[in-house]
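Reproduced below: query_28.cif, with mmCIF, C-alpha atoms.
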```
data_query
#
loop_
_atom_site.label_atom_id
_atom_site.label_comp_id
_atom_site.auth_asym_id
_atom_site.auth_seq_id
_atom_site.Cartn_x
_atom_site.Cartn_y
_atom_site.Cartn_z
CA MET O 1 0.00 0.00 0.00
CA LYS O 2 1.47 3.23 -1.19
CA SER O 3 1.92 5.88 1.51
CA THR O 4 1.26 9.50 0.64
CA LEU O 5 1.81 12.75 2.51
CA PRO O 6 -1.03 15.03 3.16
CA PRO O 7 -0.98 18.15 0.95
CA ALA O 8 -0.04 20.38 3.87
CA SER O 9 2.88 18.14 4.86
CA ALA O 10 4.09 17.99 1.23
CA GLN O 11 4.10 21.74 1.00
CA ALA O 12 6.03 22.05 4.26
CA PHE O 13 8.55 19.45 3.09
CA ALA O 14 9.01 21.30 -0.22
CA GLY O 15 9.53 24.56 1.68
CA LYS O 16 12.25 22.97 3.80
CA ILE O 17 14.05 21.72 0.72
CA ALA O 18 13.84 25.16 -0.94
CA GLU O 19 15.10 26.82 2.25
CA TRP O 20 18.04 24.37 2.46
CA LEU O 21 18.93 24.91 -1.21
CA THR O 22 18.79 28.69 -0.75
CA PHE O 23 21.06 28.49 2.32
CA ASP O 24 23.47 26.17 0.56
CA ASN O 25 23.59 28.47 -2.47
CA MET O 26 24.30 31.52 -0.30
CA HIS O 27 27.00 29.57 1.54
CA HIS O 28 28.75 28.81 -1.77
CA GLN O 29 28.45 32.44 -2.82
CA TRP O 30 30.10 33.63 0.40
CA LEU O 31 32.87 31.07 -0.04
CA LEU O 32 33.42 32.25 -3.61
CA LEU O 33 33.51 35.93 -2.52
CA ALA O 34 35.99 35.14 0.28
CA ALA O 35 38.19 33.27 -2.19
CA CYS O 36 38.19 36.30 -4.54
CA PHE O 37 39.22 38.61 -1.72
CA TRP O 38 42.02 36.19 -0.76
CA VAL O 39 43.35 36.12 -4.34
CA ILE O 40 43.30 39.94 -4.55
CA PHE O 41 45.09 40.24 -1.19
CA MET O 42 47.80 37.78 -2.22
CA PHE O 43 48.27 39.62 -5.54
CA MET O 44 48.76 42.93 -3.69
CA VAL O 45 51.33 41.36 -1.37
CA ALA O 46 53.15 39.81 -4.32
CA SER O 47 53.17 43.14 -6.22
CA LYS O 48 54.61 44.97 -3.21
CA PHE O 49 57.31 42.34 -2.86
CA ILE O 50 58.24 42.60 -6.53
CA THR O 51 58.43 46.41 -6.32
CA LEU O 52 60.73 46.29 -3.32
CA THR O 53 62.88 43.59 -4.87
CA PHE O 54 63.64 45.63 -7.99
CA LYS O 55 64.53 48.87 -6.24
CA ASP O 56 68.13 50.02 -6.49
CA PRO O 57 70.05 48.17 -3.74
CA ASP O 58 72.76 50.83 -3.79
CA ALA O 59 70.50 53.84 -3.18
CA TYR O 60 72.07 56.43 -0.91
CA SER O 61 69.04 57.77 0.93
CA THR O 62 65.55 56.87 2.08
CA LYS O 63 64.25 58.47 -1.13
CA GLN O 64 65.28 55.43 -3.17
CA GLU O 65 65.34 56.03 -6.90
CA PHE O 66 64.29 53.49 -9.52
CA LEU O 67 66.95 52.60 -12.05
CA PHE O 68 66.04 52.92 -15.71
CA LEU O 69 67.81 51.13 -18.53
CA THR O 70 67.71 53.44 -21.52
CA ALA O 71 69.58 53.36 -24.80
CA GLU O 72 72.02 56.24 -25.35
CA PRO O 73 70.15 58.72 -27.58
CA ASP O 74 71.54 59.75 -30.94
CA SER O 75 73.58 62.84 -30.09
CA GLY O 76 72.90 64.32 -33.50
CA LYS O 77 69.16 64.34 -32.80
CA LEU O 78 69.45 65.79 -29.33
CA ARG O 79 72.07 68.43 -29.94
CA GLY O 80 72.68 70.72 -32.87
CA GLU O 81 75.89 70.10 -34.78
CA LYS O 82 77.16 73.62 -34.09
CA GLN O 83 76.45 73.42 -30.38
CA PHE O 84 77.84 69.96 -29.75
CA PRO O 85 80.77 69.03 -32.01
CA GLU O 86 81.24 65.33 -32.72
CA GLU O 87 84.46 65.16 -30.73
CA LEU O 88 82.69 66.35 -27.57
CA LYS O 89 79.91 63.76 -27.50
CA PRO O 90 79.05 62.49 -24.01
CA THR O 91 80.74 59.43 -22.62
CA GLY O 92 79.91 57.37 -19.58
CA LYS O 93 80.11 53.92 -18.12
CA MET O 94 78.35 51.70 -20.65
CA LEU O 95 76.98 48.19 -20.44
CA SER O 96 77.97 45.51 -22.93
CA ASP O 97 75.05 46.43 -25.21
CA SER O 98 76.00 50.15 -25.12
CA GLN O 99 73.17 51.09 -22.76
CA PRO O 100 73.94 53.40 -19.81
CA LEU O 101 72.40 52.68 -16.42
CA GLN O 102 71.48 55.91 -14.61
CA PRO O 103 68.83 57.04 -12.15
CA LEU O 104 66.25 59.14 -13.92
CA VAL O 105 67.04 62.40 -12.06
CA TYR O 106 70.56 62.62 -13.50
CA MET O 107 69.35 61.88 -17.01
CA GLU O 108 66.69 64.57 -16.67
CA ARG O 109 69.33 67.13 -15.66
CA LEU O 110 71.36 66.40 -18.79
CA GLU O 111 68.25 66.48 -20.97
CA LEU O 112 67.27 69.86 -19.50
CA ILE O 113 70.68 71.27 -20.43
CA ARG O 114 70.32 69.97 -23.98
CA ASN O 115 66.89 71.58 -24.31
CA VAL O 116 68.00 74.96 -22.94
CA CYS O 117 71.09 74.92 -25.15
CA ARG O 118 68.79 74.64 -28.16
CA ASP O 119 66.80 77.71 -27.08
CA GLU O 120 68.00 80.52 -29.35
CA ALA O 121 66.48 83.15 -27.05
CA LEU O 122 68.95 82.11 -24.32
CA ARG O 123 71.93 81.51 -26.57
CA ASN O 124 73.94 84.49 -25.29
CA LEU O 125 73.40 83.32 -21.71
CA SER O 126 74.03 79.59 -22.17
CA HIS O 127 76.79 79.29 -24.77
CA THR O 128 80.46 80.16 -24.41
CA ALA O 129 83.59 79.28 -26.33
CA VAL O 130 85.80 76.51 -24.95
CA SER O 131 88.58 79.02 -24.36
CA LYS O 132 91.67 78.87 -22.17
CA PHE O 133 89.57 80.47 -19.42
CA VAL O 134 87.27 77.42 -19.48
CA LEU O 135 90.11 74.89 -19.85
CA ASP O 136 91.84 76.47 -16.84
CA ARG O 137 88.78 75.58 -14.75
CA ILE O 138 88.92 71.88 -15.62
CA PHE O 139 91.17 69.65 -13.51
CA VAL O 140 92.47 66.34 -14.80
CA CYS O 141 92.91 62.92 -13.21
CA ASP O 142 94.54 60.85 -15.93
CA LYS O 143 94.96 57.79 -13.73
CA HIS O 144 91.18 57.33 -13.51
CA LYS O 145 90.16 59.31 -16.62
CA ILE O 146 88.20 62.04 -14.84
CA LEU O 147 87.67 65.73 -15.64
CA PHE O 148 86.28 68.04 -12.97
CA CYS O 149 85.18 71.60 -13.80
CA GLN O 150 85.65 73.96 -10.88
CA THR O 151 82.65 76.09 -9.90
CA PRO O 152 83.78 78.10 -6.85
CA LYS O 153 81.52 78.48 -3.81
CA VAL O 154 79.86 75.11 -4.44
CA GLY O 155 81.98 72.81 -2.25
CA ASN O 156 84.82 72.57 -4.77
CA THR O 157 87.55 72.35 -2.13
CA GLN O 158 86.31 68.89 -1.13
CA TRP O 159 86.23 67.64 -4.72
CA LYS O 160 89.77 68.92 -5.23
CA LYS O 161 90.84 66.87 -2.23
CA VAL O 162 89.24 63.77 -3.76
CA LEU O 163 91.16 64.26 -7.01
CA ILE O 164 94.43 65.04 -5.21
CA VAL O 165 94.21 61.67 -3.44
CA LEU O 166 93.29 59.88 -6.68
CA ASN O 167 96.29 61.42 -8.44
CA GLY O 168 98.54 60.00 -5.72
CA ALA O 169 99.86 63.27 -4.30
CA PHE O 170 98.63 62.32 -0.80
CA PRO O 171 97.50 58.99 0.64
CA SER O 172 94.23 60.29 2.12
CA ILE O 173 92.08 63.40 2.31
CA GLU O 174 92.98 63.88 5.96
CA ASP O 175 96.68 64.12 5.04
CA ILE O 176 96.24 67.09 2.70
CA PRO O 177 97.29 70.42 4.28
CA GLU O 178 94.70 73.14 3.71
CA ASN O 179 97.27 75.50 2.21
CA VAL O 180 98.11 72.91 -0.46
CA VAL O 181 94.57 72.34 -1.80
CA HIS O 182 94.50 75.58 -3.81
CA ASP O 183 98.23 75.74 -4.50
CA HIS O 184 98.42 74.41 -8.02
CA GLU O 185 102.19 74.14 -7.88
CA LYS O 186 101.93 71.58 -5.07
CA ASN O 187 98.56 69.85 -5.22
CA GLY O 188 99.33 67.64 -8.22
CA LEU O 189 96.20 68.67 -10.13
CA PRO O 190 96.98 69.49 -13.78
CA ARG O 191 94.60 71.76 -15.65
CA LEU O 192 93.19 70.70 -18.99
CA SER O 193 94.73 73.83 -20.54
CA SER O 194 98.22 72.41 -19.90
CA PHE O 195 97.77 69.75 -22.60
CA SER O 196 98.08 69.98 -26.38
CA ASP O 197 94.97 70.52 -28.51
CA ALA O 198 94.91 66.86 -29.54
CA GLU O 199 95.29 65.69 -25.94
CA ILE O 200 92.54 68.08 -24.82
CA GLN O 201 90.12 66.74 -27.42
CA LYS O 202 90.96 63.15 -26.53
CA ARG O 203 90.21 63.74 -22.86
CA LEU O 204 87.02 65.68 -23.54
CA LYS O 205 85.81 62.84 -25.72
CA THR O 206 86.67 59.86 -23.53
CA TYR O 207 86.91 60.93 -19.88
CA PHE O 208 84.19 61.03 -17.22
CA LYS O 209 83.25 64.72 -16.82
CA PHE O 210 81.29 66.42 -14.06
CA PHE O 211 80.73 69.63 -12.11
CA ILE O 212 78.52 70.87 -9.27
CA VAL O 213 76.01 73.74 -9.19
CA ARG O 214 73.86 75.45 -6.58
CA ASP O 215 71.17 78.15 -6.59
CA PRO O 216 72.85 81.01 -8.51
CA PHE O 217 71.86 83.81 -6.12
CA GLU O 218 72.83 81.83 -3.02
CA ARG O 219 76.21 81.18 -4.63
CA LEU O 220 76.73 84.93 -5.14
CA ILE O 221 75.97 85.54 -1.46
CA SER O 222 78.52 82.89 -0.52
CA ALA O 223 81.13 84.48 -2.80
CA PHE O 224 80.51 87.93 -1.34
CA LYS O 225 80.82 86.69 2.25
CA ASP O 226 83.91 84.59 1.55
CA LYS O 227 85.89 87.18 -0.40
CA PHE O 228 84.76 90.56 0.94
CA VAL O 229 83.54 89.90 4.50
CA HIS O 230 85.33 86.96 6.17
CA ASN O 231 88.19 86.30 3.73
CA PRO O 232 89.41 83.21 5.63
CA ARG O 233 92.34 82.50 3.31
CA PHE O 234 93.74 85.99 3.74
CA GLU O 235 93.47 87.16 0.15
CA PRO O 236 93.84 90.93 0.71
CA TRP O 237 93.47 91.87 -2.95
CA TYR O 238 89.70 91.32 -2.78
CA ARG O 239 89.25 94.02 -0.14
CA HIS O 240 92.09 96.33 -1.13
CA GLU O 241 91.93 96.19 -4.94
CA ILE O 242 88.68 94.67 -6.22
CA ALA O 243 86.28 96.15 -3.63
CA PRO O 244 87.48 99.77 -4.14
CA GLY O 245 87.09 99.37 -7.90
CA ILE O 246 83.48 98.23 -7.50
CA ILE O 247 82.71 101.00 -4.98
CA ARG O 248 84.11 103.75 -7.19
CA LYS O 249 81.89 102.81 -10.10
CA TYR O 250 78.72 101.47 -8.49
CA ARG O 251 78.16 103.13 -5.11
CA ARG O 252 75.30 105.61 -5.35
CA ASN O 253 75.90 107.40 -2.06
CA ARG O 254 79.37 108.87 -2.52
CA THR O 255 79.46 110.04 1.11
CA GLU O 256 79.14 106.46 2.35
CA THR O 257 82.51 105.40 3.80
CA ARG O 258 81.77 101.77 4.72
CA GLY O 259 83.49 98.95 2.92
CA ILE O 260 81.86 97.19 -0.01
CA GLN O 261 78.20 96.31 0.53
CA PHE O 262 76.22 93.52 -1.11
CA GLU O 263 74.20 96.18 -2.96
CA ASP O 264 77.41 97.45 -4.64
CA PHE O 265 78.28 93.88 -5.61
CA VAL O 266 74.82 93.25 -7.11
CA ARG O 267 74.95 96.47 -9.11
CA TYR O 268 78.35 95.53 -10.54
CA LEU O 269 77.28 92.01 -11.52
CA GLY O 270 74.02 93.19 -13.10
CA ASP O 271 75.66 95.90 -15.20
CA PRO O 272 75.62 94.86 -18.89
CA ASN O 273 78.99 96.64 -19.18
CA HIS O 274 80.63 94.76 -16.31
CA ARG O 275 83.28 93.20 -18.55
CA TRP O 276 85.68 96.13 -18.50
CA LEU O 277 86.02 95.68 -14.74
CA ASP O 278 86.24 91.90 -15.15
CA LEU O 279 89.31 92.37 -17.34
CA GLN O 280 90.95 94.39 -14.57
CA PHE O 281 90.12 91.78 -11.94
CA GLY O 282 91.50 88.86 -13.98
CA ASP O 283 90.84 85.28 -12.90
CA HIS O 284 89.50 86.40 -9.52
CA ILE O 285 86.11 86.73 -11.20
CA ILE O 286 85.76 82.92 -11.24
CA HIS O 287 84.02 83.19 -7.87
CA TRP O 288 81.01 85.01 -9.33
CA VAL O 289 80.82 84.53 -13.11
CA THR O 290 78.11 82.22 -14.46
CA TYR O 291 78.38 78.44 -14.62
CA ALA O 292 78.02 78.73 -18.39
CA GLU O 293 81.11 80.97 -18.54
CA LEU O 294 83.08 78.64 -16.27
CA CYS O 295 82.29 75.20 -17.69
CA ALA O 296 80.68 75.66 -21.15
CA PRO O 297 77.91 73.05 -20.59
CA CYS O 298 76.44 73.65 -24.05
CA GLU O 299 79.77 72.93 -25.74
CA ILE O 300 81.10 70.14 -23.50
CA ALA O 301 78.83 67.14 -22.92
CA TYR O 302 79.25 66.36 -19.24
CA SER O 303 78.57 62.90 -17.82
CA VAL O 304 76.93 64.08 -14.57
CA ILE O 305 75.80 67.41 -13.12
CA GLY O 306 75.66 67.41 -9.33
CA HIS O 307 73.56 69.80 -7.26
CA HIS O 308 74.81 71.25 -3.99
CA GLU O 309 71.32 70.98 -2.52
CA THR O 310 71.30 67.18 -3.02
CA LEU O 311 75.00 66.57 -2.48
CA GLU O 312 74.36 63.82 0.08
CA ASP O 313 72.97 61.73 -2.79
CA ASP O 314 74.96 63.19 -5.67
CA ALA O 315 78.47 62.80 -4.25
CA PRO O 316 78.26 58.99 -3.78
CA TYR O 317 76.58 58.67 -7.18
CA ILE O 318 79.35 60.61 -8.92
CA LEU O 319 82.05 58.52 -7.24
CA LYS O 320 80.24 55.35 -8.27
CA GLU O 321 79.71 56.43 -11.89
CA ALA O 322 83.36 57.48 -12.15
CA GLY O 323 84.36 54.04 -10.90
CA ILE O 324 86.24 55.32 -7.86
CA ASP O 325 83.81 54.72 -5.00
CA HIS O 326 85.96 51.84 -3.75
CA LEU O 327 89.05 54.08 -3.64
CA VAL O 328 87.93 57.29 -1.96
CA SER O 329 84.93 58.77 -0.16
CA TYR O 330 83.59 62.30 -0.26
CA PRO O 331 84.29 64.10 3.05
CA THR O 332 81.50 64.13 5.62
CA ILE O 333 78.88 66.79 4.87
CA PRO O 334 77.82 68.79 7.97
CA PRO O 335 74.05 68.50 8.56
CA GLY O 336 71.98 71.22 6.89
CA ILE O 337 74.88 72.93 5.14
CA THR O 338 73.61 72.16 1.64
CA VAL O 339 69.96 73.14 2.22
CA TYR O 340 68.73 76.17 0.27
CA ASN O 341 68.18 79.06 2.70
CA LYS O 342 65.46 81.35 1.37
CA THR O 343 65.50 83.47 4.54
CA LYS O 344 69.19 84.24 4.06
CA VAL O 345 68.61 85.17 0.42
CA GLU O 346 65.77 87.52 1.36
CA HIS O 347 67.93 89.10 4.06
CA TYR O 348 70.81 89.88 1.71
CA PHE O 349 68.57 91.31 -1.00
CA LEU O 350 66.52 93.39 1.43
CA GLY O 351 66.71 97.05 0.47
CA ILE O 352 68.16 96.44 -2.99
CA SER O 353 66.04 97.98 -5.75
CA LYS O 354 63.90 95.72 -7.93
CA ARG O 355 65.61 97.23 -10.97
CA ASP O 356 69.03 96.07 -9.77
CA ILE O 357 67.75 92.61 -8.83
CA ARG O 358 66.07 92.20 -12.22
CA ARG O 359 69.27 93.19 -14.00
CA LEU O 360 71.16 90.64 -11.92
CA TYR O 361 68.64 87.94 -12.81
CA ALA O 362 68.87 88.89 -16.47
CA ARG O 363 72.57 88.06 -16.37
CA PHE O 364 72.18 84.77 -14.48
CA GLU O 365 68.95 83.62 -16.14
CA GLY O 366 70.89 81.13 -18.22
CA ASP O 367 72.16 79.40 -15.07
CA PHE O 368 68.67 79.29 -13.55
CA LYS O 369 67.25 77.71 -16.73
CA LEU O 370 70.14 75.34 -17.55
CA PHE O 371 70.12 73.70 -14.15
CA GLY O 372 66.45 73.84 -13.24
CA TYR O 373 66.50 76.43 -10.47
CA GLN O 374 63.24 78.24 -9.79
CA LYS O 375 63.03 81.86 -10.83
CA PRO O 376 63.17 83.96 -7.61
CA ASP O 377 59.87 85.76 -8.09
CA PHE O 378 59.79 86.62 -4.37
CA LEU O 379 62.71 89.00 -5.11
CA LEU O 380 61.71 90.22 -8.55
CA ASN O 381 58.04 91.18 -8.08
#
```
With the file now loaded, output its structure as structure tokens.
Amino acid sequence: MKSTLPPASAQAFAGKIAEWLTFDNMHHQWLLLAACFWVIFMFMVASKFITLTFKDPDAYSTKQEFLFLTAEPDSGKLRGEKQFPEELKPTGKMLSDSQPLQPLVYMERLELIRNVCRDEALRNLSHTAVSKFVLDRIFVCDKHKILFCQTPKVGNTQWKKVLIVLNGAFPSIEDIPENVVHDHEKNGLPRLSSFSDAEIQKRLKTYFKFFIVRDPFERLISAFKDKFVHNPRFEPWYRHEIAPGIIRKYRRNRTETRGIQFEDFVRYLGDPNHRWLDLQFGDHIIHWVTYAELCAPCEIAYSVIGHHETLEDDAPYILKEAGIDHLVSYPTIPPGITVYNKTKVEHYFLGISKRDIRRLYARFEGDFKLFGYQKPDFLLN
């Protein structure tokens, strides 16, 4: 005899089954959603691990830079033939497939220089002949194939010490007497100008080349303080010969009897006709002429441009790129000494007319543009 459920019981039983199926379906959906979240979480962890693994292991600060492998651009496409002769094409440490390995920031600095050098509106401020004046600024380390262009008031004394040790004149930086560093008869640093034309071209073409820059106006303040105020190396000609010449021509208040003031210095540097005084002052002007006049960055293709403001990172990088980081270290940098000091700049320019400051900027605009320094609108407007 066949047993049957009453209609009410059958409906209840069917409801239970439907409820169980619904619960089971929702359970599977939650499991599937949890599994998706787990996969996404594991992917994020894996991505973070990969990013950290491929960062530069030799970075010099907490602001680690990524390394980019980029083919050396065709110099003919990046630089005009007249501005960058074939014999002065850039050189650097190359990999076996002729690809240089450089952090992006240093490549961007060189690219900025190339772009500004192509700007015809700035040509008079960015280009200069590779004259004896320029070649006198470039020091040579033949042993390690390095050229260093001197830009005074940008920590050059320390770089000279590095090269003196590399040239073998002294065993360590600590052993170099201070009075020897700038004595070119004793420091063992030959200038590029001391070589024949053929030897000069060979070194410009094949050696590692670098120089250091800092904010142009802050550099002028440093030059003024060092040569006309403190004068720590006892160079009396700055106060007794150069300062009176500047005062005679540029001081507005003839009854003023104080020594040279920063305002006199600014007026001299911003004068479009400053060159007749420069000729009288001779090579002493190296402490305040433009970087373009000192190192000819549009005519000589440098391997690295360092910035004083980021010297803690740039100094180790330069030593590494030059292949000498295992031989010598850059001297310890006192904390805060390389930081741009806007307050100091404002203090020195306080009371100087906008006209004189604008004329000064007009002369040094090329340096601001070539090396990516911000226009000092807080002084000009």
> To one decimal place, how far is atom CA of Val339 of chain O from atom CA of Leu220 of chain O in Å?
Replying inline: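 Interatomic distance, atom CA of Val339 of chain O to atom CA of Leu220 of chain O: 15.5 Å.
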>> Using Å and a single decimal, report how far atom CA of Tyr317 of chain O sits from atom CA of Glu293 of chain O.
In response: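 It comes out at 25.4 Å.
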> Pick the closest to Arg219 of chain O from O:Val289, O:Leu110, O:Ile333, O:Ile246: which is it, counting all atoms listed in the file?
Replying inline: O:Val289
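Across the model, the gap from atom CA of His308 of chain O to atom CA of Leu112 of chain O is 17.3 Å.
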>> With the PyMOL selection byres ((chain O and resi 324-332) around 8) as the selection, what would be picked from this file? Answer as a list in words, please.
In response: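 Selected by the PyMOL selection byres ((chain O and resi 324-332) around 8) here: His144, Gln158, Trp159, Val162, Val165, Leu166, Ile173, Ala315, Pro316, Leu319, Lys320, Glu321, Ala322, Gly323, Ile333 and Pro334 of chain O.
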> What residues come out when you apply the PyMOL selection byres ((chain O and resi 341-356) around 7) to this file, written as number ranges by chain?
Replying inline: O: 218, 263, 266-267, 270, 339-340, 357-360, 380
> Smallest atom-to-atom distance to Thr206 of chain O: which of O:Glu120, O:Asp142, O:Asp271, O:Asp367, using all atoms listed in the file?
Replying inline: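 Checking each candidate against Thr206 of chain O, we get O:Asp142 as the closest.
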With the file shown as input, list the residues that the PyMOL selection byres ((chain O and resi 260) around 8) selects, as a tab-separated table (two decimals) with C-alpha atoms, in the coordinates of the input.
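Listing of result.tsv after writing:
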```
chain	number	residue	atom	x	y	z
O	228	PHE	CA	84.76	90.56	0.94
O	243	ALA	CA	86.28	96.15	-3.63
O	244	PRO	CA	87.48	99.77	-4.14
O	246	ILE	CA	83.48	98.23	-7.50
O	247	ILE	CA	82.71	101.00	-4.98
O	258	ARG	CA	81.77	101.77	4.72
O	259	GLY	CA	83.49	98.95	2.92
O	261	GLN	CA	78.20	96.31	0.53
O	262	PHE	CA	76.22	93.52	-1.11
O	264	ASP	CA	77.41	97.45	-4.64
O	265	PHE	CA	78.28	93.88	-5.61
```
>> Around (80.0, 69.8, -11.3), as given in the file, which residues come within 9 Å? Count all atoms listed in the file and list them as a ChimeraX atom specification.
In response: /O:148-151,154,156,209-213,295,302,304-307
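The environment of Val116 of chain O within 9 Å, counting all atoms listed in the file and disregarding residues fewer than 2 places along the same chain, consists of Glu111, Leu112, Ile113, Arg114, Arg118, Asp119, Glu120, Leu122, Arg123, Ser126, Cys298, Gly366, Lys369 and Leu370 of chain O.
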> Contacts of segment 189-204 of chain O at 9 Å or less, counting all atoms listed in the file, minus same-chain residues fewer than 5 places along, as a PyMOL selection string?
Replying inline: chain O and resi 87-91+131-142+145-147+160+163-164+167+169+184+209+300-302
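Distances from O:Thr128, O:Glu299, O:His284, O:Thr157 to Glu235 of chain O were compared using only C-alpha atoms, and the smallest one belongs to O:His284.
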